[in-house]
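Here is the structure we will look at, set down as structure tokens.
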Amino acid sequence: MAITILGIESSCDETAASVCIDGKIFSNIIASQDIHARYGGVVPELASRAHMQNILPVVDQALIKAGLSLSDIQAIAFTRSPGLIGSLLVGAQFAKSLAFSMGIPLIAVHHMQAHVLANLISETDSVKSVPGFPFLCLTVSGGHTQIVVCRSPSHMEVIGETLDDAAGEAFDKSAKLLGLPYPGGPLIDRFASSGNASRFHFPEPRIPGLNFSFSGLKTSILYFIQNETEKNPEFVEKNLADICASIQGRIVSILLNKLKKASALTGIKNICLAGGVAANKGLRKAFEETGSSLGWKTFIPKMEYCTDNAAMIAVTGYYKFLDQSFSPLSVTVSARADW
Ligand code: KG4
Ligand code: ZN
């Protein structure tokens with residue numbers, strides 16, 4: 001009998017629901033919260049309230065799009081951690097209530113594991129190839145930057161992570177220094193496409209092992225902009241494309257140098273990207289080029305499965321269902337990223 005999972009994601013500022021049948025995605029609905037842009041970042045209390053408004057219509061839409069009704073669902077997967085506590089609570093309470101009222105299992109999912117497993121997503125109408133095990137995954141988002149060895153859907157190990165800012169934060173904070181609105185990552189990407197990445201030099205941090213650090217880069221960009229605008233108040237405006245290309249080039253080289261090191265150390269050549277920063281055109285291009293020069297098999301999920309989404313939660317729920325890895329109704333959410 002087919003295994004049908006409803007996935008719910010509400011860890012930050014996207015309210016999302018998805019239906020997965022036997023590991024394939026049949027719907028992936030996302031309600032984004034535009035309200036945060038005017039505050040320059042996500043406001044937790046506003047996010048929780050918007051989740052409460054959005055969750056029912058989003059789940060309804062996910063079922064309609066999949067052509068199913070609630071009674072077809074065999075288990076409910078939801079994001080348990082990490083994330084904003086108020087946001088997580090809305091999704092968790094909704095999932096628990098539904099699972100309890102329907103008498104079906106509840107599956108608690110770790111958001112970062114789900115980002116990694118987004119690489120295993122296949123759809124009804126595609127024959128996208130998925131990585132074999134083991135694979136390495138560089139997960140780069142607004143809240144996290146990690147290199148993970150994935151040996152099976154349930155066996156993952158973090159072998160490198162950021163000691164301070166995440167890669168997405170590095171993009172967003174750099175954008176803020178340039179006077180660009182939040183979230184600035186996609187804007188840096190857009191301006192960088194017509195810029196010269198070797199025009200300005202930002203130092204690469206010397207962090208041992210496979211860990212990352214982006215706080216030094218942020219400071220060097222801050223001083224660079226202060227110095228140059230003192231000399232010429234129009235400096236940023238006149239050189240925006242080259243500044244963005246140079247910043248993006250450095251963030252990408254920091255990420256890929258560690259990924260190359262991780263592949264060399266583990267001998268693993270199936271390499272994946274995941275997370276919202278995987279949308280970055282400079283990163284995608286450099287990742288593919290590095291991959292072809294080093295003989296990697298490279299994988300990047302479809303864009304809608306890179307940014308926060310519920311398809312990755314539903315698919316992780318499917319693999320946990322196969323392992324009968326269910327959670328009691330007493331399970332609690334956690335803001336922390338511990339695996
Ligand atoms: O995975 P995600 O949607 O949410 C989190 O879990 O954080 O990632 C959002 C992050 C933001 O920092 C955003 O600026 C960044 O991904 N981002 C990008 C691009 N698109 C999204 N950064 C650089 N270039 C992009 N094209
Ligand atoms: Zn995420």
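Here's how to read the names in the structure tokens: chain A, B, ... by the order shown, residue numbers from 1 in each chain, ligand numbers from 1 in the order shown.
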
Which residues of chain A have any atom within 10 Å of an atom in ligand 1 when counting only C-alpha atoms and all ligand atoms, and what is the closest pair of atoms for each, with the distance in Å to one decimal? Order the rows by chain and rising number and write it as CSV.
```
residue,atom,partner,partner_atom_place_in_ligand_line,distance
A:Ser11,CA,ligand 1,6 (O),8.0
A:Cys12,CA,ligand 1,6 (O),7.0
A:Asp13,CA,ligand 1,4 (O),8.3
A:Glu14,CA,ligand 1,3 (O),8.4
A:Gly41,CA,ligand 1,12 (O),9.9
A:Pro82,CA,ligand 1,6 (O),9.5
A:Gly83,CA,ligand 1,6 (O),8.4
A:His111,CA,ligand 1,6 (O),8.3
A:Met112,CA,ligand 1,6 (O),8.4
A:His115,CA,ligand 1,1 (O),8.0
A:Thr139,CA,ligand 1,1 (O),8.5
A:Val140,CA,ligand 1,1 (O),7.0
A:Ser141,CA,ligand 1,8 (O),3.9
A:Gly142,CA,ligand 1,7 (O),3.1
A:Gly143,CA,ligand 1,7 (O),4.5
A:His144,CA,ligand 1,7 (O),6.9
A:Thr145,CA,ligand 1,7 (O),9.6
A:Ala166,CA,ligand 1,12 (O),8.0
A:Ala167,CA,ligand 1,12 (O),7.2
A:Gly168,CA,ligand 1,12 (O),3.4
A:Glu169,CA,ligand 1,12 (O),5.1
A:Ala170,CA,ligand 1,12 (O),7.7
A:Phe171,CA,ligand 1,22 (N),5.8
A:Asp172,CA,ligand 1,14 (O),5.3
A:Lys173,CA,ligand 1,12 (O),8.8
A:Ala175,CA,ligand 1,14 (O),9.0
A:Tyr182,CA,ligand 1,14 (O),7.5
A:Pro183,CA,ligand 1,14 (O),4.7
A:Gly184,CA,ligand 1,14 (O),5.3
A:Gly185,CA,ligand 1,14 (O),3.5
A:Pro186,CA,ligand 1,25 (C),3.8
A:Leu187,CA,ligand 1,24 (N),7.2
A:Ile188,CA,ligand 1,24 (N),6.5
A:Asp189,CA,ligand 1,24 (N),4.9
A:Arg190,CA,ligand 1,26 (N),7.4
A:Ala192,CA,ligand 1,24 (N),9.7
A:Gln248,CA,ligand 1,23 (C),8.0
A:Ile251,CA,ligand 1,23 (C),9.6
A:Val252,CA,ligand 1,23 (C),9.8
A:Ala274,CA,ligand 1,1 (O),7.9
A:Gly275,CA,ligand 1,1 (O),4.1
A:Gly276,CA,ligand 1,8 (O),3.4
A:Val277,CA,ligand 1,18 (C),4.1
A:Ala278,CA,ligand 1,19 (C),6.9
A:Ala279,CA,ligand 1,26 (N),4.4
A:Asn280,CA,ligand 1,26 (N),3.6
A:Lys281,CA,ligand 1,26 (N),6.2
A:Gly282,CA,ligand 1,24 (N),8.0
A:Leu283,CA,ligand 1,24 (N),8.1
A:Arg284,CA,ligand 1,26 (N),9.6
A:Met303,CA,ligand 1,20 (N),9.3
A:Glu304,CA,ligand 1,3 (O),9.2
A:Tyr305,CA,ligand 1,1 (O),9.1
A:Cys306,CA,ligand 1,1 (O),6.2
A:Thr307,CA,ligand 1,3 (O),3.4
A:Asp308,CA,ligand 1,3 (O),4.5
A:Asn309,CA,ligand 1,3 (O),8.0
```

Please list as a list in words every residue within 9 Å of A:Phe212, counting only C-alpha atoms and excluding residues in the same chain fewer than 3 positions away.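 So the residues in contact are Thr145, Gln146, Gly160, Glu161, Thr162, Leu163, Asp164, Asp165, Ala166, Ala167, Pro205, Arg206, Ile207, Pro208, Gly209, Ile254, Leu255 and Lys258 of chain A.
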
I need the residues from that last selection saved to file as a PDB file, in the first residue's frame (with N, CA, C and O atoms), if you can.
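Saved as result.pdb:
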```pdb
ATOM      1  N   THR A 145      25.242  26.973   8.186  1.00  0.00           N
ATOM      2  CA  THR A 145      26.221  26.629   7.152  1.00  0.00           C
ATOM      3  C   THR A 145      26.907  25.369   7.654  1.00  0.00           C
ATOM      4  O   THR A 145      27.576  25.394   8.694  1.00  0.00           O
ATOM      5  N   GLN A 146      26.691  24.269   6.961  1.00  0.00           N
ATOM      6  CA  GLN A 146      27.208  22.985   7.454  1.00  0.00           C
ATOM      7  C   GLN A 146      27.690  22.121   6.293  1.00  0.00           C
ATOM      8  O   GLN A 146      27.139  22.190   5.201  1.00  0.00           O
ATOM      9  N   GLY A 160      31.509  19.794   9.518  1.00  0.00           N
ATOM     10  CA  GLY A 160      31.997  21.179   9.520  1.00  0.00           C
ATOM     11  C   GLY A 160      30.821  22.123   9.641  1.00  0.00           C
ATOM     12  O   GLY A 160      29.747  21.833   9.117  1.00  0.00           O
ATOM     13  N   GLU A 161      31.021  23.226  10.362  1.00  0.00           N
ATOM     14  CA  GLU A 161      29.926  24.202  10.448  1.00  0.00           C
ATOM     15  C   GLU A 161      30.474  25.578  10.772  1.00  0.00           C
ATOM     16  O   GLU A 161      31.644  25.719  11.145  1.00  0.00           O
ATOM     17  N   THR A 162      29.615  26.577  10.672  1.00  0.00           N
ATOM     18  CA  THR A 162      30.105  27.931  10.921  1.00  0.00           C
ATOM     19  C   THR A 162      30.265  28.184  12.415  1.00  0.00           C
ATOM     20  O   THR A 162      29.493  27.695  13.235  1.00  0.00           O
ATOM     21  N   LEU A 163      31.301  28.950  12.730  1.00  0.00           N
ATOM     22  CA  LEU A 163      31.565  29.302  14.122  1.00  0.00           C
ATOM     23  C   LEU A 163      30.845  30.599  14.496  1.00  0.00           C
ATOM     24  O   LEU A 163      30.775  30.950  15.657  1.00  0.00           O
ATOM     25  N   ASP A 164      30.334  31.316  13.496  1.00  0.00           N
ATOM     26  CA  ASP A 164      29.631  32.574  13.789  1.00  0.00           C
ATOM     27  C   ASP A 164      28.458  32.747  12.825  1.00  0.00           C
ATOM     28  O   ASP A 164      27.451  32.064  12.971  1.00  0.00           O
ATOM     29  N   ASP A 165      28.588  33.628  11.835  1.00  0.00           N
ATOM     30  CA  ASP A 165      27.465  33.864  10.920  1.00  0.00           C
ATOM     31  C   ASP A 165      27.291  32.718   9.934  1.00  0.00           C
ATOM     32  O   ASP A 165      28.252  32.025   9.588  1.00  0.00           O
ATOM     33  N   ALA A 166      26.066  32.565   9.452  1.00  0.00           N
ATOM     34  CA  ALA A 166      25.800  31.622   8.354  1.00  0.00           C
ATOM     35  C   ALA A 166      26.106  32.318   7.030  1.00  0.00           C
ATOM     36  O   ALA A 166      26.181  33.549   6.968  1.00  0.00           O
ATOM     37  N   ALA A 167      26.261  31.520   5.966  1.00  0.00           N
ATOM     38  CA  ALA A 167      26.584  32.105   4.654  1.00  0.00           C
ATOM     39  C   ALA A 167      25.494  33.077   4.204  1.00  0.00           C
ATOM     40  O   ALA A 167      25.788  34.157   3.669  1.00  0.00           O
ATOM     41  N   PRO A 205      39.349  33.872   5.637  1.00  0.00           N
ATOM     42  CA  PRO A 205      39.748  33.571   7.022  1.00  0.00           C
ATOM     43  C   PRO A 205      40.520  32.256   7.097  1.00  0.00           C
ATOM     44  O   PRO A 205      40.289  31.357   6.295  1.00  0.00           O
ATOM     45  N   ARG A 206      41.433  32.168   8.070  1.00  0.00           N
ATOM     46  CA  ARG A 206      42.182  30.916   8.260  1.00  0.00           C
ATOM     47  C   ARG A 206      41.558  30.165   9.424  1.00  0.00           C
ATOM     48  O   ARG A 206      41.950  30.348  10.568  1.00  0.00           O
ATOM     49  N   ILE A 207      40.583  29.344   9.123  1.00  0.00           N
ATOM     50  CA  ILE A 207      39.894  28.570  10.167  1.00  0.00           C
ATOM     51  C   ILE A 207      40.304  27.111   9.999  1.00  0.00           C
ATOM     52  O   ILE A 207      40.181  26.558   8.907  1.00  0.00           O
ATOM     53  N   PRO A 208      40.800  26.486  11.078  1.00  0.00           N
ATOM     54  CA  PRO A 208      41.270  25.113  10.921  1.00  0.00           C
ATOM     55  C   PRO A 208      40.136  24.135  10.602  1.00  0.00           C
ATOM     56  O   PRO A 208      38.974  24.407  10.878  1.00  0.00           O
ATOM     57  N   GLY A 209      40.518  22.993  10.034  1.00  0.00           N
ATOM     58  CA  GLY A 209      39.549  21.915   9.787  1.00  0.00           C
ATOM     59  C   GLY A 209      38.504  22.309   8.769  1.00  0.00           C
ATOM     60  O   GLY A 209      38.773  23.038   7.814  1.00  0.00           O
ATOM     61  N   ILE A 254      35.214  30.714   0.019  1.00  0.00           N
ATOM     62  CA  ILE A 254      35.297  30.166   1.393  1.00  0.00           C
ATOM     63  C   ILE A 254      34.521  28.843   1.444  1.00  0.00           C
ATOM     64  O   ILE A 254      35.001  27.829   1.971  1.00  0.00           O
ATOM     65  N   LEU A 255      33.327  28.842   0.876  1.00  0.00           N
ATOM     66  CA  LEU A 255      32.476  27.638   0.932  1.00  0.00           C
ATOM     67  C   LEU A 255      33.103  26.486   0.157  1.00  0.00           C
ATOM     68  O   LEU A 255      33.207  25.351   0.646  1.00  0.00           O
ATOM     69  N   LYS A 258      36.351  24.719   1.572  1.00  0.00           N
ATOM     70  CA  LYS A 258      36.084  23.736   2.640  1.00  0.00           C
ATOM     71  C   LYS A 258      35.434  22.478   2.066  1.00  0.00           C
ATOM     72  O   LYS A 258      35.693  21.360   2.526  1.00  0.00           O
TER      73      LYS A 258
END
```

Check the DSSP output for the backbone and give back, as number ranges by chain, the residues of stretch 42-208 of chain A in strand (DSSP E or B). A: 75-81, 106-110, 122-123, 135-140, 145-152, 155-162

Running DSSP on the backbone, which parts of stretch 17-83 of chain A land in alpha helix (DSSP H), as a PyMOL selection string? chain A and resi 44-66

Give me the residues within 10 Å of A:Glu204 as a PyMOL selection string, counting only C-alpha atoms and dropping any in the same chain fewer than 5 places off. chain A and resi 213-214+216-217+250-251+253-254

Using all heavy atoms, can you export the residues from the last selection as a PDB file, in the first residue's frame?
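Dumped everything to out.pdb:
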```
ATOM      1  N   SER A 213      33.984  30.596   9.059  1.00  0.00           N
ATOM      2  CA  SER A 213      33.741  31.821   9.819  1.00  0.00           C
ATOM      3  C   SER A 213      33.522  32.939   8.808  1.00  0.00           C
ATOM      4  O   SER A 213      34.236  33.043   7.810  1.00  0.00           O
ATOM      5  CB  SER A 213      34.944  32.158  10.692  1.00  0.00           C
ATOM      6  OG  SER A 213      34.798  33.471  11.176  1.00  0.00           O
ATOM      7  N   PHE A 214      32.498  33.745   9.060  1.00  0.00           N
ATOM      8  CA  PHE A 214      32.202  34.859   8.154  1.00  0.00           C
ATOM      9  C   PHE A 214      32.250  36.218   8.853  1.00  0.00           C
ATOM     10  O   PHE A 214      32.042  37.240   8.215  1.00  0.00           O
ATOM     11  CB  PHE A 214      30.828  34.664   7.501  1.00  0.00           C
ATOM     12  CG  PHE A 214      30.791  33.515   6.530  1.00  0.00           C
ATOM     13  CD1 PHE A 214      30.275  32.281   6.908  1.00  0.00           C
ATOM     14  CD2 PHE A 214      31.291  33.657   5.243  1.00  0.00           C
ATOM     15  CE1 PHE A 214      30.253  31.214   6.026  1.00  0.00           C
ATOM     16  CE2 PHE A 214      31.273  32.598   4.351  1.00  0.00           C
ATOM     17  CZ  PHE A 214      30.751  31.374   4.738  1.00  0.00           C
ATOM     18  N   GLY A 216      34.771  37.875  10.215  1.00  0.00           N
ATOM     19  CA  GLY A 216      35.922  38.699   9.816  1.00  0.00           C
ATOM     20  C   GLY A 216      35.663  39.347   8.461  1.00  0.00           C
ATOM     21  O   GLY A 216      36.015  40.513   8.236  1.00  0.00           O
ATOM     22  N   LEU A 217      35.027  38.599   7.585  1.00  0.00           N
ATOM     23  CA  LEU A 217      34.718  39.130   6.250  1.00  0.00           C
ATOM     24  C   LEU A 217      33.791  40.339   6.390  1.00  0.00           C
ATOM     25  O   LEU A 217      34.011  41.383   5.763  1.00  0.00           O
ATOM     26  CB  LEU A 217      34.043  38.027   5.416  1.00  0.00           C
ATOM     27  CG  LEU A 217      33.559  38.437   4.032  1.00  0.00           C
ATOM     28  CD1 LEU A 217      34.721  38.835   3.138  1.00  0.00           C
ATOM     29  CD2 LEU A 217      32.773  37.301   3.370  1.00  0.00           C
ATOM     30  N   ARG A 250      34.235  35.986  -2.767  1.00  0.00           N
ATOM     31  CA  ARG A 250      34.928  35.546  -1.553  1.00  0.00           C
ATOM     32  C   ARG A 250      34.052  34.563  -0.759  1.00  0.00           C
ATOM     33  O   ARG A 250      34.555  33.530  -0.302  1.00  0.00           O
ATOM     34  CB  ARG A 250      35.304  36.767  -0.698  1.00  0.00           C
ATOM     35  CG  ARG A 250      35.948  36.392   0.618  1.00  0.00           C
ATOM     36  CD  ARG A 250      37.121  35.413   0.437  1.00  0.00           C
ATOM     37  NE  ARG A 250      38.327  36.042  -0.045  1.00  0.00           N
ATOM     38  CZ  ARG A 250      39.233  35.439  -0.822  1.00  0.00           C
ATOM     39  NH1 ARG A 250      39.066  34.172  -1.213  1.00  0.00           N
ATOM     40  NH2 ARG A 250      40.318  36.074  -1.222  1.00  0.00           N
ATOM     41  N   ILE A 251      32.767  34.844  -0.616  1.00  0.00           N
ATOM     42  CA  ILE A 251      31.895  33.913   0.129  1.00  0.00           C
ATOM     43  C   ILE A 251      31.910  32.546  -0.563  1.00  0.00           C
ATOM     44  O   ILE A 251      32.059  31.499   0.083  1.00  0.00           O
ATOM     45  CB  ILE A 251      30.440  34.455   0.253  1.00  0.00           C
ATOM     46  CG1 ILE A 251      30.420  35.746   1.078  1.00  0.00           C
ATOM     47  CG2 ILE A 251      29.520  33.407   0.880  1.00  0.00           C
ATOM     48  CD1 ILE A 251      29.063  36.452   1.167  1.00  0.00           C
ATOM     49  N   SER A 253      34.237  31.293  -2.518  1.00  0.00           N
ATOM     50  CA  SER A 253      35.525  30.576  -2.410  1.00  0.00           C
ATOM     51  C   SER A 253      35.707  29.999  -1.004  1.00  0.00           C
ATOM     52  O   SER A 253      36.264  28.917  -0.843  1.00  0.00           O
ATOM     53  CB  SER A 253      36.701  31.463  -2.829  1.00  0.00           C
ATOM     54  OG  SER A 253      36.980  32.404  -1.819  1.00  0.00           O
ATOM     55  N   ILE A 254      35.214  30.714   0.019  1.00  0.00           N
ATOM     56  CA  ILE A 254      35.297  30.166   1.393  1.00  0.00           C
ATOM     57  C   ILE A 254      34.521  28.843   1.444  1.00  0.00           C
ATOM     58  O   ILE A 254      35.001  27.829   1.971  1.00  0.00           O
ATOM     59  CB  ILE A 254      34.713  31.175   2.425  1.00  0.00           C
ATOM     60  CG1 ILE A 254      35.592  32.421   2.528  1.00  0.00           C
ATOM     61  CG2 ILE A 254      34.536  30.511   3.790  1.00  0.00           C
ATOM     62  CD1 ILE A 254      34.999  33.548   3.385  1.00  0.00           C
TER      63      ILE A 254
END
```

Can you work out which one of A:Ile147, A:Phe326, A:Ser215, A:Gly132 has the shortest atom-to-atom distance to A:Lys260, counting only C-alpha atoms? A:Ile147

Compare A:Lys231, A:Lys238, A:Lys320, A:Arg336 by their minimum atom-to-atom distance to A:Ser154, counting only C-alpha atoms, and give me the closest one.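 Looking only at the distances to A:Ser154, the closest residue turns out to be A:Lys320.
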
What does the distance from atom CA of A:Ser129 to atom CA of A:Thr266 come to in Å, to one decimal? 22.5 Å

When you look at A:Ala335 with a cut-off of 10 Å (counting only C-alpha atoms), what residues show up, excluding the ones that are within fewer than 6 positions of it in the same chain? I need them as a list in words.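 Here the answer would be Ser11, Arg80, Ser81, Pro82, Gly83, Leu84, Ile85, Gly86, Ser87 and Leu88 of chain A.
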
Counting only C-alpha atoms, the residue among A:Ala310, A:Leu177, A:Ala114, A:Leu210 that lies closest to A:Ile247 is A:Leu177

Can you tell me which residues surround A:Pro134 at a distance of at most 8 Å, considering only C-alpha atoms, apart from same-chain residues fewer than 2 positions away, and format the answer as an mmCIF file with all heavy atoms, in the first residue's frame?
```cif
data_model
loop_
_atom_site.group_PDB
_atom_site.id
_atom_site.type_symbol
_atom_site.label_atom_id
_atom_site.label_comp_id
_atom_site.auth_asym_id
_atom_site.auth_seq_id
_atom_site.Cartn_x
_atom_site.Cartn_y
_atom_site.Cartn_z
ATOM 1 N N GLY A 132 23.712 8.789 -4.781
ATOM 2 C CA GLY A 132 23.838 7.532 -4.054
ATOM 3 C C GLY A 132 24.535 7.810 -2.728
ATOM 4 O O GLY A 132 25.147 8.869 -2.545
ATOM 5 N N LEU A 136 28.197 13.895 0.355
ATOM 6 C CA LEU A 136 28.461 15.084 1.178
ATOM 7 C C LEU A 136 27.455 16.147 0.796
ATOM 8 O O LEU A 136 27.109 16.261 -0.380
ATOM 9 C CB LEU A 136 29.851 15.651 0.888
ATOM 10 C CG LEU A 136 31.080 14.917 1.391
ATOM 11 C CD1 LEU A 136 32.337 15.700 0.975
ATOM 12 C CD2 LEU A 136 31.040 14.786 2.908
ATOM 13 N N VAL A 149 28.061 14.591 6.211
ATOM 14 C CA VAL A 149 28.211 13.310 5.508
ATOM 15 C C VAL A 149 26.899 12.577 5.699
ATOM 16 O O VAL A 149 26.452 12.390 6.833
ATOM 17 C CB VAL A 149 29.321 12.425 6.128
ATOM 18 C CG1 VAL A 149 29.448 11.120 5.346
ATOM 19 C CG2 VAL A 149 30.642 13.131 6.163
ATOM 20 N N CYS A 150 26.277 12.182 4.615
ATOM 21 C CA CYS A 150 25.006 11.464 4.705
ATOM 22 C C CYS A 150 25.230 10.027 4.231
ATOM 23 O O CYS A 150 25.537 9.798 3.060
ATOM 24 C CB CYS A 150 23.969 12.177 3.833
ATOM 25 S SG CYS A 150 22.343 11.433 3.941
ATOM 26 N N ARG A 151 25.121 9.064 5.161
ATOM 27 C CA ARG A 151 25.371 7.656 4.822
ATOM 28 C C ARG A 151 24.084 6.901 4.500
ATOM 29 O O ARG A 151 24.103 5.861 3.858
ATOM 30 C CB ARG A 151 26.117 6.957 5.959
ATOM 31 C CG ARG A 151 27.453 7.624 6.235
ATOM 32 C CD ARG A 151 28.369 6.836 7.145
ATOM 33 N NE ARG A 151 29.561 7.636 7.414
ATOM 34 C CZ ARG A 151 30.568 7.801 6.567
ATOM 35 N NH1 ARG A 151 30.572 7.176 5.407
ATOM 36 N NH2 ARG A 151 31.593 8.569 6.880
ATOM 37 N N SER A 152 22.971 7.436 5.007
ATOM 38 C CA SER A 152 21.638 6.898 4.697
ATOM 39 C C SER A 152 20.666 7.989 5.144
ATOM 40 O O SER A 152 21.084 8.934 5.831
ATOM 41 C CB SER A 152 21.386 5.600 5.480
ATOM 42 O OG SER A 152 21.085 5.902 6.827
ATOM 43 N N ILE A 268 34.791 11.093 -0.524
ATOM 44 C CA ILE A 268 33.425 11.047 -1.096
ATOM 45 C C ILE A 268 33.329 12.024 -2.270
ATOM 46 O O ILE A 268 33.747 13.189 -2.159
ATOM 47 C CB ILE A 268 32.378 11.390 -0.011
ATOM 48 C CG1 ILE A 268 32.413 10.325 1.093
ATOM 49 C CG2 ILE A 268 30.978 11.490 -0.617
ATOM 50 C CD1 ILE A 268 31.558 10.665 2.310
ATOM 51 N N ASN A 270 30.293 12.095 -4.322
ATOM 52 C CA ASN A 270 28.895 12.483 -4.585
ATOM 53 C C ASN A 270 28.663 13.710 -3.717
ATOM 54 O O ASN A 270 28.661 13.611 -2.489
ATOM 55 C CB ASN A 270 27.911 11.399 -4.120
ATOM 56 C CG ASN A 270 27.901 10.208 -5.053
ATOM 57 O OD1 ASN A 270 28.187 10.351 -6.230
ATOM 58 N ND2 ASN A 270 27.569 9.054 -4.511
#
```

Atom-to-atom span, atom CA of A:Asn196 and atom CA of A:Ser292, Å: 23.4 Å

Would you mind telling me which residue in A:Ile35, A:Ala286, A:Ala337, A:Leu120 lies nearest to ligand 2 when using only C-alpha atoms and all ligand atoms?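 Selected residue with least distance to ligand 2: A:Ala337.
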
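Compared by their closest atoms to ligand 2, and using only C-alpha atoms and all ligand atoms, the residues A:Phe26, A:Gly179, A:Thr79, A:Ile64 rank with A:Thr79 nearest.
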